[in-house]
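Raw contents of work29.txt, compact mmCIF, C-alpha atoms and all ligand atoms:
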```txt
# COMPACT_ATOMS: atom_id res chain seq x y z
CA MET A 1 64.28 -23.54 17.78
CA LEU A 2 67.58 -25.26 18.44
CA THR A 3 68.07 -23.51 21.77
CA ARG A 4 64.45 -24.31 22.64
CA VAL A 5 65.31 -28.01 22.25
CA ASP A 6 68.37 -27.56 24.48
CA GLY A 7 66.07 -26.14 27.15
CA LEU A 8 64.12 -29.41 27.16
CA ALA A 9 67.21 -31.59 27.64
CA GLU A 10 66.54 -32.55 31.24
CA GLU A 11 62.86 -33.36 30.65
CA LEU A 12 63.69 -35.35 27.54
CA LEU A 13 66.35 -37.41 29.28
CA ASP A 14 64.03 -38.04 32.18
CA PHE A 15 61.33 -39.30 29.84
CA LEU A 16 63.81 -41.59 28.10
CA LYS A 17 64.90 -42.96 31.50
CA GLY A 18 61.27 -43.74 32.31
CA LEU A 19 60.81 -45.49 28.95
CA THR A 20 63.99 -47.52 29.44
CA ALA A 21 62.82 -48.66 32.89
CA ILE A 22 59.84 -50.50 31.36
CA PRO A 23 61.23 -53.90 30.29
CA THR A 24 59.32 -54.35 27.03
CA VAL A 25 61.26 -57.47 26.13
CA ASN A 26 60.29 -59.24 22.92
CA PRO A 27 60.00 -62.18 22.80
CA PRO A 28 57.65 -62.69 24.52
CA GLY A 29 56.36 -59.08 24.50
CA GLU A 30 56.42 -57.94 28.14
CA CYS A 31 54.82 -54.78 29.58
CA TYR A 32 53.42 -53.47 26.29
CA PRO A 33 50.24 -51.89 27.77
CA GLU A 34 52.29 -50.22 30.49
CA CYS A 35 54.71 -48.73 27.96
CA ALA A 36 51.93 -47.65 25.58
CA GLU A 37 50.28 -45.85 28.51
CA PHE A 38 53.53 -44.22 29.58
CA ILE A 39 53.94 -42.75 26.09
CA GLY A 40 50.22 -42.00 25.77
CA ALA A 41 50.17 -40.04 29.04
CA ARG A 42 53.03 -37.84 27.87
CA LEU A 43 51.37 -37.27 24.50
CA LYS A 44 48.14 -36.28 26.26
CA ASP A 45 50.08 -33.78 28.40
CA PHE A 46 51.45 -32.31 25.17
CA GLY A 47 48.02 -31.80 23.58
CA TYR A 48 47.58 -34.98 21.54
CA GLU A 49 44.38 -36.97 21.16
CA VAL A 50 45.50 -40.44 22.16
CA GLN A 51 44.20 -43.84 21.09
CA TYR A 52 45.32 -47.25 22.24
CA VAL A 53 45.19 -49.79 19.46
CA ALA A 54 45.23 -53.43 20.53
CA ALA A 55 46.02 -55.88 17.73
CA LYS A 56 42.70 -57.73 18.03
CA GLY A 57 42.56 -60.87 15.94
CA ARG A 58 46.33 -61.35 15.77
CA PRO A 59 47.38 -64.70 17.29
CA GLU A 60 50.23 -63.07 19.24
CA HIS A 61 47.77 -60.69 20.98
CA THR A 62 47.04 -62.82 24.07
CA ALA A 63 45.70 -62.18 27.57
CA GLN A 64 49.17 -62.86 28.95
CA HIS A 65 51.02 -60.70 26.42
CA PRO A 66 48.62 -58.15 24.95
CA ARG A 67 49.85 -56.28 21.89
CA VAL A 68 48.90 -52.64 22.53
CA ASN A 69 50.07 -49.75 20.34
CA VAL A 70 49.61 -46.07 21.04
CA VAL A 71 48.78 -43.36 18.49
CA GLY A 72 48.55 -39.66 19.24
CA ALA A 73 47.42 -36.86 16.92
CA LEU A 74 47.81 -33.16 17.59
CA SER A 75 44.20 -32.09 17.58
CA ASP A 76 44.28 -28.39 16.78
CA LEU A 77 46.13 -28.44 13.44
CA PRO A 78 45.06 -28.65 9.77
CA ALA A 79 44.62 -32.31 8.69
CA ARG A 80 47.08 -32.14 5.79
CA PRO A 81 49.92 -32.38 5.18
CA LEU A 82 50.32 -35.01 7.88
CA LEU A 83 53.67 -36.06 9.30
CA HIS A 84 53.68 -39.28 11.29
CA PHE A 85 56.57 -40.17 13.60
CA ASN A 86 56.75 -43.86 14.45
CA GLY A 87 58.99 -45.75 16.83
CA HIS A 88 58.85 -49.30 18.16
CA PHE A 89 59.03 -49.70 21.92
CA ASP A 90 59.74 -53.43 22.06
CA VAL A 91 63.35 -54.35 22.84
CA VAL A 92 65.31 -57.54 22.29
CA PRO A 93 66.17 -59.76 25.28
CA VAL A 94 68.99 -58.54 27.50
CA GLY A 95 71.53 -61.30 26.76
CA ALA A 96 74.81 -61.79 28.59
CA GLY A 97 77.73 -59.44 29.15
CA TRP A 98 76.13 -56.41 30.80
CA THR A 99 78.11 -54.40 33.33
CA VAL A 100 75.22 -52.02 34.15
CA ASP A 101 71.54 -52.53 34.97
CA PRO A 102 69.89 -53.01 31.54
CA PHE A 103 66.73 -51.24 32.72
CA GLY A 104 68.33 -48.74 35.08
CA GLY A 105 68.78 -45.87 32.62
CA LEU A 106 72.19 -45.05 34.08
CA VAL A 107 73.58 -41.74 32.83
CA ARG A 108 77.37 -41.63 32.75
CA ASP A 109 79.97 -39.83 30.62
CA GLY A 110 77.34 -38.22 28.41
CA LYS A 111 75.58 -41.50 27.62
CA ILE A 112 72.37 -43.15 28.76
CA TYR A 113 72.66 -46.91 29.16
CA GLY A 114 70.00 -49.57 28.85
CA ARG A 115 68.43 -52.20 26.66
CA GLY A 116 66.47 -50.36 24.00
CA THR A 117 68.03 -46.93 24.55
CA THR A 118 69.54 -46.93 21.07
CA ASP A 119 67.05 -49.34 19.48
CA GLN A 120 64.96 -47.36 19.78
CA LYS A 121 63.46 -45.61 22.73
CA ALA A 122 65.77 -42.62 22.21
CA GLY A 123 64.09 -42.15 18.84
CA ILE A 124 60.62 -42.14 20.41
CA ALA A 125 61.67 -39.61 23.06
CA ALA A 126 63.41 -37.40 20.47
CA SER A 127 60.41 -37.15 18.13
CA ILE A 128 57.95 -36.38 20.95
CA TYR A 129 60.17 -33.61 22.33
CA ALA A 130 61.00 -32.25 18.87
CA VAL A 131 57.36 -31.44 18.30
CA GLU A 132 56.92 -30.23 21.88
CA ALA A 133 59.81 -27.79 21.40
CA ILE A 134 57.97 -26.33 18.41
CA ARG A 135 54.79 -25.92 20.44
CA ARG A 136 56.53 -24.37 23.44
CA ALA A 137 58.24 -21.91 21.13
CA GLY A 138 54.77 -20.74 20.06
CA VAL A 139 55.39 -21.75 16.46
CA GLN A 140 52.25 -22.63 14.52
CA LEU A 141 52.57 -25.67 12.25
CA HIS A 142 50.58 -25.61 9.01
CA GLY A 143 49.95 -29.34 8.99
CA CYS A 144 49.29 -32.19 11.36
CA VAL A 145 51.64 -34.29 13.47
CA GLU A 146 50.99 -37.81 14.69
CA GLN A 147 53.20 -39.98 16.87
CA SER A 148 52.93 -43.71 17.35
CA GLY A 149 54.68 -46.13 19.65
CA THR A 150 54.32 -49.64 18.35
CA VAL A 151 55.05 -53.24 19.31
CA ASP A 152 56.82 -56.23 17.85
CA GLU A 153 59.17 -54.59 15.34
CA GLU A 154 61.82 -57.05 16.46
CA SER A 155 59.55 -59.95 15.51
CA GLY A 156 58.20 -58.64 12.20
CA GLY A 157 55.85 -55.84 13.27
CA PHE A 158 52.63 -57.63 12.33
CA ALA A 159 50.79 -56.59 15.51
CA GLY A 160 52.49 -53.19 15.38
CA VAL A 161 53.01 -51.00 12.33
CA ALA A 162 51.46 -53.58 9.98
CA TYR A 163 48.31 -53.55 12.13
CA LEU A 164 48.17 -49.74 12.09
CA ALA A 165 48.62 -49.71 8.32
CA GLU A 166 45.96 -52.38 7.77
CA HIS A 167 43.50 -50.48 9.96
CA GLY A 168 43.91 -47.09 8.33
CA PHE A 169 46.01 -45.36 11.00
CA ILE A 170 48.95 -45.09 8.60
CA SER A 171 47.60 -44.81 5.08
CA ARG A 172 48.10 -42.75 1.95
CA GLU A 173 44.44 -41.64 2.34
CA ARG A 174 45.54 -39.47 5.26
CA THR A 175 49.31 -39.72 5.82
CA ASP A 176 51.83 -37.77 3.73
CA TYR A 177 55.16 -38.47 5.42
CA VAL A 178 56.39 -41.11 7.85
CA ILE A 179 59.64 -40.86 9.81
CA ILE A 180 60.57 -44.08 11.59
CA THR A 181 62.94 -43.17 14.38
CA GLU A 182 65.24 -46.21 14.11
CA PRO A 183 68.91 -45.75 15.01
CA LEU A 184 70.70 -45.50 11.68
CA ASN A 185 73.10 -42.93 13.18
CA VAL A 186 72.19 -39.32 13.81
CA ASP A 187 74.15 -38.00 10.81
CA ARG A 188 72.60 -40.26 8.13
CA VAL A 189 69.17 -40.55 6.49
CA CYS A 190 67.95 -44.02 5.58
CA LEU A 191 65.85 -44.42 2.42
CA GLY A 192 64.78 -48.04 2.78
CA HIS A 193 65.89 -51.64 3.02
CA ARG A 194 66.55 -54.81 1.04
CA GLY A 195 64.19 -57.75 0.62
CA VAL A 196 64.08 -61.03 2.51
CA TYR A 197 63.08 -64.50 1.38
CA TRP A 198 63.14 -66.93 4.28
CA PHE A 199 62.47 -70.52 3.38
CA GLU A 200 62.73 -74.01 4.78
CA VAL A 201 63.87 -77.08 2.90
CA VAL A 202 63.13 -80.53 4.32
CA THR A 203 64.80 -83.54 2.75
CA HIS A 204 63.39 -87.00 3.33
CA GLY A 205 65.39 -90.22 3.61
CA ARG A 206 64.72 -93.77 4.74
CA ILE A 207 65.63 -94.92 8.23
CA ALA A 208 67.91 -97.95 8.64
CA HIS A 209 70.47 -99.26 11.12
CA GLY A 210 73.58 -97.08 11.23
CA SER A 211 75.78 -100.13 10.87
CA MET A 212 74.21 -100.87 7.49
CA PRO A 213 73.67 -97.43 5.99
CA PHE A 214 73.43 -98.93 2.49
CA LEU A 215 69.96 -100.16 3.51
CA GLY A 216 68.69 -96.65 4.06
CA VAL A 217 68.76 -93.20 2.49
CA SER A 218 70.36 -90.40 4.49
CA ALA A 219 68.30 -87.23 4.51
CA ILE A 220 71.38 -85.39 5.82
CA SER A 221 73.46 -86.45 2.81
CA LYS A 222 70.66 -85.26 0.53
CA MET A 223 70.63 -81.90 2.31
CA ALA A 224 74.40 -81.68 1.96
CA GLY A 225 73.94 -82.30 -1.77
CA PHE A 226 71.40 -79.49 -1.99
CA ILE A 227 73.53 -77.00 -0.07
CA THR A 228 76.61 -77.79 -2.17
CA GLU A 229 74.68 -77.40 -5.41
CA MET A 230 72.93 -74.21 -4.28
CA GLU A 231 76.21 -72.61 -3.22
CA ARG A 232 77.96 -73.73 -6.40
CA ARG A 233 75.27 -72.16 -8.57
CA LEU A 234 74.19 -69.13 -6.56
CA GLY A 235 77.53 -68.19 -5.05
CA PRO A 236 79.14 -66.66 -8.14
CA LYS A 237 75.87 -65.14 -9.30
CA LEU A 238 74.98 -63.41 -6.02
CA GLY A 239 78.54 -62.13 -5.63
CA LYS A 240 78.06 -60.19 -8.87
CA LEU A 241 74.58 -58.82 -8.23
CA GLN A 242 75.04 -55.37 -6.77
CA THR A 243 72.23 -52.99 -5.91
CA LYS A 244 72.16 -49.31 -6.78
CA MET A 245 70.67 -48.65 -3.33
CA PRO A 246 73.25 -47.08 -0.99
CA VAL A 247 73.20 -50.00 1.48
CA GLU A 248 75.52 -49.69 4.47
CA PRO A 249 77.88 -51.41 5.04
CA PRO A 250 78.83 -51.68 1.33
CA GLY A 251 79.40 -55.45 1.65
CA ALA A 252 75.61 -55.72 1.98
CA ARG A 253 75.07 -54.19 -1.48
CA TYR A 254 75.29 -57.73 -2.85
CA ALA A 255 72.56 -60.35 -2.72
CA SER A 256 73.30 -63.11 -0.23
CA VAL A 257 72.08 -66.36 1.22
CA ASN A 258 72.70 -67.58 4.76
CA ILE A 259 71.98 -70.99 6.26
CA ASN A 260 70.22 -70.00 9.48
CA SER A 261 69.85 -73.48 10.91
CA ILE A 262 70.06 -77.16 10.11
CA THR A 263 68.76 -80.13 12.04
CA GLY A 264 68.81 -83.74 10.91
CA GLY A 265 68.38 -87.24 12.19
CA GLN A 266 66.99 -88.19 15.54
CA PRO A 267 67.40 -85.66 18.33
CA GLY A 268 70.53 -87.08 19.92
CA ALA A 269 71.28 -84.68 22.82
CA GLY A 270 74.31 -86.75 23.79
CA ILE A 271 72.57 -90.08 23.31
CA GLN A 272 73.74 -92.37 20.54
CA THR A 273 71.22 -93.01 17.80
CA PRO A 274 72.60 -95.61 15.41
CA CYS A 275 70.20 -94.73 12.62
CA VAL A 276 70.32 -93.38 9.12
CA ALA A 277 68.64 -89.96 9.25
CA ASP A 278 65.23 -90.03 7.64
CA ARG A 279 64.65 -86.28 7.91
CA CYS A 280 66.73 -83.15 7.66
CA ALA A 281 65.42 -79.60 7.82
CA ALA A 282 67.28 -76.39 7.12
CA ILE A 283 66.20 -72.75 7.19
CA PHE A 284 67.70 -70.30 4.71
CA ASP A 285 67.77 -66.52 4.61
CA ARG A 286 68.08 -65.09 1.13
CA ARG A 287 68.52 -61.31 1.08
CA PHE A 288 67.53 -59.87 -2.25
CA LEU A 289 67.89 -56.56 -3.99
CA ILE A 290 65.36 -54.07 -5.27
CA GLU A 291 66.60 -54.98 -8.77
CA GLU A 292 65.52 -58.64 -8.31
CA SER A 293 61.96 -59.97 -8.32
CA VAL A 294 60.85 -62.24 -5.51
CA GLU A 295 59.37 -64.65 -8.09
CA GLU A 296 62.81 -65.07 -9.68
CA VAL A 297 64.43 -65.53 -6.30
CA ARG A 298 61.93 -68.28 -5.37
CA ALA A 299 62.16 -69.96 -8.77
CA GLU A 300 65.93 -70.13 -8.53
CA ILE A 301 65.74 -72.23 -5.33
CA ARG A 302 62.95 -74.42 -6.64
CA GLY A 303 65.03 -74.93 -9.82
CA VAL A 304 68.01 -76.33 -7.91
CA LEU A 305 65.77 -78.69 -5.92
CA ASP A 306 63.85 -79.92 -8.97
CA GLU A 307 67.02 -80.56 -10.87
CA LEU A 308 68.43 -82.67 -8.04
CA ALA A 309 65.15 -84.59 -7.87
CA GLY A 310 65.32 -85.14 -11.64
CA GLN A 311 68.81 -86.64 -11.41
CA ASP A 312 68.26 -88.74 -8.29
CA SER A 313 65.04 -90.68 -7.68
CA GLU A 314 65.87 -90.85 -3.96
CA PHE A 315 66.06 -87.05 -3.60
CA ARG A 316 62.72 -86.13 -2.01
CA TYR A 317 62.09 -82.70 -0.55
CA ASP A 318 59.58 -80.12 0.64
CA LEU A 319 60.10 -76.41 0.18
CA SER A 320 58.08 -73.92 2.23
CA ASP A 321 58.12 -70.15 2.42
CA LEU A 322 58.52 -68.79 5.95
CA MET A 323 58.59 -65.06 5.33
CA THR A 324 58.86 -62.70 2.40
CA VAL A 325 59.65 -59.00 2.72
CA LEU A 326 59.77 -56.88 -0.39
CA PRO A 327 62.51 -54.24 -0.69
CA VAL A 328 61.46 -50.61 -0.30
CA SER A 329 63.11 -47.30 -1.06
CA THR A 330 61.91 -43.71 -0.93
CA ASP A 331 62.89 -41.36 -3.76
CA PRO A 332 65.98 -39.36 -2.71
CA ALA A 333 64.43 -36.35 -4.52
CA SER A 334 61.21 -36.50 -2.47
CA ALA A 335 60.16 -33.66 -0.17
CA LEU A 336 60.64 -35.85 2.90
CA VAL A 337 64.22 -36.83 2.12
CA LYS A 338 65.14 -33.26 1.17
CA ALA A 339 63.63 -31.79 4.34
CA MET A 340 65.25 -34.37 6.62
CA ALA A 341 68.63 -34.11 4.91
CA SER A 342 68.66 -30.31 5.06
CA ALA A 343 67.64 -30.40 8.74
CA VAL A 344 70.45 -32.84 9.59
CA ARG A 345 72.94 -30.71 7.68
CA ASP A 346 71.86 -27.58 9.58
CA VAL A 347 72.22 -29.32 12.95
CA ILE A 348 75.33 -31.44 12.38
CA GLY A 349 77.12 -29.29 9.84
CA ASP A 350 77.74 -31.93 7.17
CA GLU A 351 75.61 -33.15 4.31
CA PRO A 352 74.18 -36.46 5.58
CA PRO A 353 74.83 -39.54 3.50
CA LEU A 354 71.62 -41.12 2.19
CA ILE A 355 71.86 -44.79 3.02
CA ALA A 356 69.81 -47.99 2.92
CA SER A 357 69.63 -50.65 5.61
CA PRO A 358 70.91 -54.21 5.08
CA GLY A 359 68.14 -55.57 7.34
CA THR A 360 64.46 -54.77 7.27
CA TYR A 361 62.37 -52.75 9.70
CA ASP A 362 58.81 -51.43 9.75
CA GLN A 363 59.20 -49.30 6.59
CA LYS A 364 57.95 -52.26 4.55
CA HIS A 365 54.54 -52.08 6.26
CA VAL A 366 54.23 -48.31 5.83
CA MET A 367 54.98 -48.52 2.10
CA ARG A 368 53.55 -51.93 1.11
CA LEU A 369 50.43 -51.97 3.30
CA GLY A 370 49.83 -48.27 4.03
CA LEU A 371 50.91 -47.33 0.47
CA VAL A 372 52.56 -44.17 1.81
CA ASP A 373 55.34 -43.45 -0.68
CA GLN A 374 57.42 -41.08 1.44
CA CYS A 375 58.88 -42.93 4.39
CA ILE A 376 62.39 -42.85 5.84
CA ALA A 377 64.25 -43.92 8.94
CA TYR A 378 66.07 -41.30 10.97
CA GLY A 379 66.99 -41.34 14.62
CA PRO A 380 69.68 -40.91 17.27
CA GLY A 381 71.69 -43.92 18.35
CA ILE A 382 74.54 -45.81 16.78
CA LEU A 383 73.38 -48.68 14.58
CA GLN A 384 76.14 -51.08 15.70
CA LEU A 385 75.13 -50.76 19.37
CA SER A 386 71.66 -52.18 18.72
CA HIS A 387 71.06 -55.49 20.48
CA GLN A 388 74.53 -55.37 22.15
CA PRO A 389 75.33 -55.66 25.88
CA ASP A 390 75.80 -52.26 27.55
CA GLU A 391 73.71 -50.66 24.81
CA TYR A 392 73.70 -46.87 25.19
CA CYS A 393 72.71 -43.70 23.39
CA ARG A 394 74.96 -40.65 23.45
CA ILE A 395 73.08 -37.70 24.88
CA ASP A 396 74.52 -35.29 22.29
CA HIS A 397 73.12 -37.62 19.59
CA LEU A 398 69.76 -37.62 21.36
CA MET A 399 69.72 -33.82 21.35
CA ASP A 400 70.96 -33.48 17.76
CA GLY A 401 68.40 -36.00 16.55
CA CYS A 402 65.65 -34.12 18.37
CA LYS A 403 66.75 -30.80 16.82
CA ALA A 404 66.90 -32.26 13.31
CA MET A 405 63.42 -33.74 13.72
CA ALA A 406 62.06 -30.36 14.87
CA LEU A 407 63.55 -28.56 11.85
CA ALA A 408 62.35 -31.25 9.45
CA ALA A 409 58.80 -31.08 10.85
CA MET A 410 58.67 -27.30 10.39
CA ARG A 411 60.04 -27.52 6.84
CA LEU A 412 57.69 -30.31 5.79
CA LEU A 413 54.52 -28.84 7.24
CA GLY A 414 55.30 -25.15 7.05
CA ALA A 415 55.48 -23.00 10.16
CA SER A 416 54.85 -19.44 11.29
CA GLY A 417 55.11 -17.30 14.42
CA GLY A 418 57.11 -18.01 17.54
ZN ZN B 501 64.77 -51.09 16.04
```
Conversion result in structure tokens:
Amino acid sequence: MLTRVDGLAEELLDFLKGLTAIPTVNPPGECYPECAEFIGARLKDFGYEVQYVAAKGRPEHTAQHPRVNVVGALSDLPARPLLHFNGHFDVVPVGAGWTVDPFGGLVRDGKIYGRGTTDQKAGIAASIYAVEAIRRAGVQLHGCVEQSGTVDEESGGFAGVAYLAEHGFISRERTDYVIITEPLNVDRVCLGHRGVYWFEVVTHGRIAHGSMPFLGVSAISKMAGFITEMERRLGPKLGKLQTKMPVEPPGARYASVNINSITGGQPGAGIQTPCVADRCAAIFDRRFLIEESVEEVRAEIRGVLDELAGQDSEFRYDLSDLMTVLPVSTDPASALVKAMASAVRDVIGDEPPLIASPGTYDQKHVMRLGLVDQCIAYGPGILQLSHQPDEYCRIDHLMDGCKAMALAAMRLLGASGG
């Protein structure tokens, strides 16, 4: 099987080049139908029944930027067990600092360059060719394979994997295993991710002339009071809370809070505004652990705010939730993790570390909406290169990832012949 994958190297690289050339930049979500069709056409060639799933009813699915996903199912196999490979084909904006064409798919020194090569078009190409290698070898799988290419992972995945899970395409009623081909490094298997609580605090003041600030109430000073108090109370506590999940890098095994943004007062933009700020808004990003409950995490923030309001009649605030993602983790003893880990070991030679991701990705939708309990992330590509200028994927990683996926598919579904 491994030599069979090697024989497909040129075809696989060519397909990845074609994928990279489609600038599926998100935001705003460019060229999604074109990319879905590019993947769909290849799946059709390889014997899949292909469906295009537009995220009808989602506000981000517009005439200008349609949200179109593609799902393919190998039609001539037993329905269960079913292994679903998923990869997102949206890429983050190019950004500055590139020395090569971000959509050129340049191959040099054993690497393919381009925005989205690592994150994560290499993963999509690898899973499609892994299964194709099995078919070309004449090996009969004893279960079904599906492949999906989805949109919007970089912006939450609501029109992508969440939509597929809500509409029964990825569901415990029919799906046994899901491998998300995100780049967590080709020699590691990722079990899940931490939780996110994103919230906004707005403090209200009273406007007055800046020369007589004692006549007003500064919303910025009130925000400063909140941030100081929150850091004083949460800082020591979060620094001690450590998860049992094997999050990489280890610094991310602790709960944390980041101040994503803060804006207060009148929009100055270089112009003087001699006023006491009557409004200040800040957005916070609290990362929480599987050992914490989201209710506790929310209550902790509300507690700090209420206490400040209790001590100071001029402390007025609004708290709103922007996004909540619950942590997820697949059992390391599950069939999926065992099969993937043994496949990686047989290809790479070393036992792969089982890790968890500090940030979230579409696994939350598979497990929380689709209720599929065996889901992991595994794919070629180096995690740190995601979203960077001159992003690339090493071709040996692409091939190793493809081989490991082929072995894992055969072990999970059972295989004969060839
Ligand atoms: Zn990604």
Near ligand ZN 501 (chain B), 6 Å: chain A residue rows, closest pairs, all atoms listed in the file, as CSV:
```
residue,atom,partner,partner_atom,distance
A:Asp119,CA,B:ZN501,ZN,4.5
A:Gln120,CA,B:ZN501,ZN,5.3
A:Glu182,CA,B:ZN501,ZN,5.3
```
Query raised in the report: Excluding same-chain residues fewer than 2 positions from stretch 178-180 of chain A, what lies within 9 Å of it counting all atoms listed in the file, as a PyMOL selection string?
Result: chain A and resi 82-88+123+170+175-176+182+336+362-363+366+372-379+405
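From atom CA of A:Glu30 back to atom CA of A:Arg67, the distance works out to 9.2 Å.
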Report summary line: Here atom CA of A:Gly401 and atom CA of A:Asp45 stand apart by 21.9 Å
Requested in this report: Between atom CA of A:Glu146 and atom CA of A:Leu369, measure the distance and give it in Å to one decimal.
Outcome: 18.2 Å
Requested in this report: Tell me, as an MDAnalysis selection string, which residues lie within 7 Å of stretch 130-136 of chain A, counting all atoms listed in the file; anything in the same chain fewer than 4 positions away does not count.
Outcome: chainID A and resid 1 4:5 46 126 402:403 405:406
Centre, x/y/z edge lengths, axis-aligned box for stretch 249-265 of chain A with 4 Å per side, as AutoDock Vina command-line options:
```
--center_x 73.9 --center_y -69.3 --center_z 4.7 --size_x 19.0 --size_y 43.8 --size_z 23.0
```
Query raised in the report: From the set A:Thr150, A:Ser416, A:Gln272, A:Asn69, which residue has the shortest atom-to-atom contact distance to A:Gly138, counting all atoms listed in the file?
Result: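 Distance minimum relative to A:Gly138 lands on A:Ser416.
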Report task. Find the residues near A:Arg253: any atom within 12 Å, counting all atoms listed in the file, skip ones fewer than 5 places away on the same chain, and give them as an NGL selection string. Result -> :A and (193-195 or 238-248 or 287-291 or 355-359)
How would the residues just chosen look if you wrote them out with C-alpha atoms as a short mmCIF file (atom, residue, chain, number, x, y, z; two decimals), in the coordinates of the input?
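Final output, out-v7.cif:
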```cif
data_model
loop_
_atom_site.label_atom_id
_atom_site.label_comp_id
_atom_site.auth_asym_id
_atom_site.auth_seq_id
_atom_site.Cartn_x
_atom_site.Cartn_y
_atom_site.Cartn_z
CA HIS A 193 65.89 -51.64 3.02
CA ARG A 194 66.55 -54.81 1.04
CA GLY A 195 64.19 -57.75 0.62
CA LEU A 238 74.98 -63.41 -6.02
CA GLY A 239 78.54 -62.13 -5.63
CA LYS A 240 78.06 -60.19 -8.87
CA LEU A 241 74.58 -58.82 -8.23
CA GLN A 242 75.04 -55.37 -6.77
CA THR A 243 72.23 -52.99 -5.91
CA LYS A 244 72.16 -49.31 -6.78
CA MET A 245 70.67 -48.65 -3.33
CA PRO A 246 73.25 -47.08 -0.99
CA VAL A 247 73.20 -50.00 1.48
CA GLU A 248 75.52 -49.69 4.47
CA ARG A 287 68.52 -61.31 1.08
CA PHE A 288 67.53 -59.87 -2.25
CA LEU A 289 67.89 -56.56 -3.99
CA ILE A 290 65.36 -54.07 -5.27
CA GLU A 291 66.60 -54.98 -8.77
CA ILE A 355 71.86 -44.79 3.02
CA ALA A 356 69.81 -47.99 2.92
CA SER A 357 69.63 -50.65 5.61
CA PRO A 358 70.91 -54.21 5.08
CA GLY A 359 68.14 -55.57 7.34
#
```
Requested in this report: Please identify all polymer residues within 12 Å of A:Asp306, counting only C-alpha atoms, omitting same-chain residues fewer than 5 positions from it, and present them as an MDAnalysis selection string.
Outcome: chainID A and resid 226 229:230 299:301 311:313 315:319
Requested in this report: Please identify all polymer residues within 10 Å of A:Gln140, counting all atoms listed in the file, omitting same-chain residues fewer than 2 positions from it, and present them as a PyMOL selection string.
Outcome: chain A and resi 77+134-135+137-138+142-143+410+413-418
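Restricting the calculation to all atoms listed in the file, the smallest distance between A:Asp331 and any of A:Val68, A:Leu354, A:Gly29, A:Ile348 is found for A:Leu354.
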Query raised in the report: With distances taken over all atoms listed in the file, which of A:Val196, A:Asp14, A:Cys280, A:His65 is nearest to A:Ser261?
Result: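 Counting all atoms listed in the file, the residue closest to A:Ser261 is A:Cys280.
Between A:Met323 and the candidates A:Gly95, A:Gly381, A:Gly156, A:Gly7, the tightest atom-to-atom separation, counting all atoms listed in the file, involves A:Gly156.
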Report task. Measuring atom to atom with all atoms listed in the file, identify which of A:Thr24, A:Thr3, A:Ser386, A:Asn185 is nearest to A:Val151. Result ->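 Smallest distance to A:Val151 is found for A:Thr24.
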Query - Using only C-alpha atoms: which of A:Asp76, A:Glu391, A:Asp6, A:Glu296 has the shortest distance to A:Val91 - result: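 Under the stated criterion, the closest residue is A:Glu391.
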Query - Selection as a list in words: residues within 9 Å of (62.1, -52.5, 30.0), counting all atoms listed in the file - result: Leu19, Thr20, Ala21, Ile22, Pro23, Thr24, Val25, Glu30, Cys31, Cys35, Asp90, Val91, Pro102, Phe103, Gly104, Gly114, Arg115 and Gly116 of chain A
Output C-alpha atoms of each residue in that selection to a file, as a PDB file, in the coordinates of the input.
```pdb
ATOM      1  CA  LEU A  19      60.810 -45.490  28.950  1.00  0.00           C
ATOM      2  CA  THR A  20      63.990 -47.520  29.440  1.00  0.00           C
ATOM      3  CA  ALA A  21      62.820 -48.660  32.890  1.00  0.00           C
ATOM      4  CA  ILE A  22      59.840 -50.500  31.360  1.00  0.00           C
ATOM      5  CA  PRO A  23      61.230 -53.900  30.290  1.00  0.00           C
ATOM      6  CA  THR A  24      59.320 -54.350  27.030  1.00  0.00           C
ATOM      7  CA  VAL A  25      61.260 -57.470  26.130  1.00  0.00           C
ATOM      8  CA  GLU A  30      56.420 -57.940  28.140  1.00  0.00           C
ATOM      9  CA  CYS A  31      54.820 -54.780  29.580  1.00  0.00           C
ATOM     10  CA  CYS A  35      54.710 -48.730  27.960  1.00  0.00           C
ATOM     11  CA  ASP A  90      59.740 -53.430  22.060  1.00  0.00           C
ATOM     12  CA  VAL A  91      63.350 -54.350  22.840  1.00  0.00           C
ATOM     13  CA  PRO A 102      69.890 -53.010  31.540  1.00  0.00           C
ATOM     14  CA  PHE A 103      66.730 -51.240  32.720  1.00  0.00           C
ATOM     15  CA  GLY A 104      68.330 -48.740  35.080  1.00  0.00           C
ATOM     16  CA  GLY A 114      70.000 -49.570  28.850  1.00  0.00           C
ATOM     17  CA  ARG A 115      68.430 -52.200  26.660  1.00  0.00           C
ATOM     18  CA  GLY A 116      66.470 -50.360  24.000  1.00  0.00           C
TER      19      GLY A 116
END
```
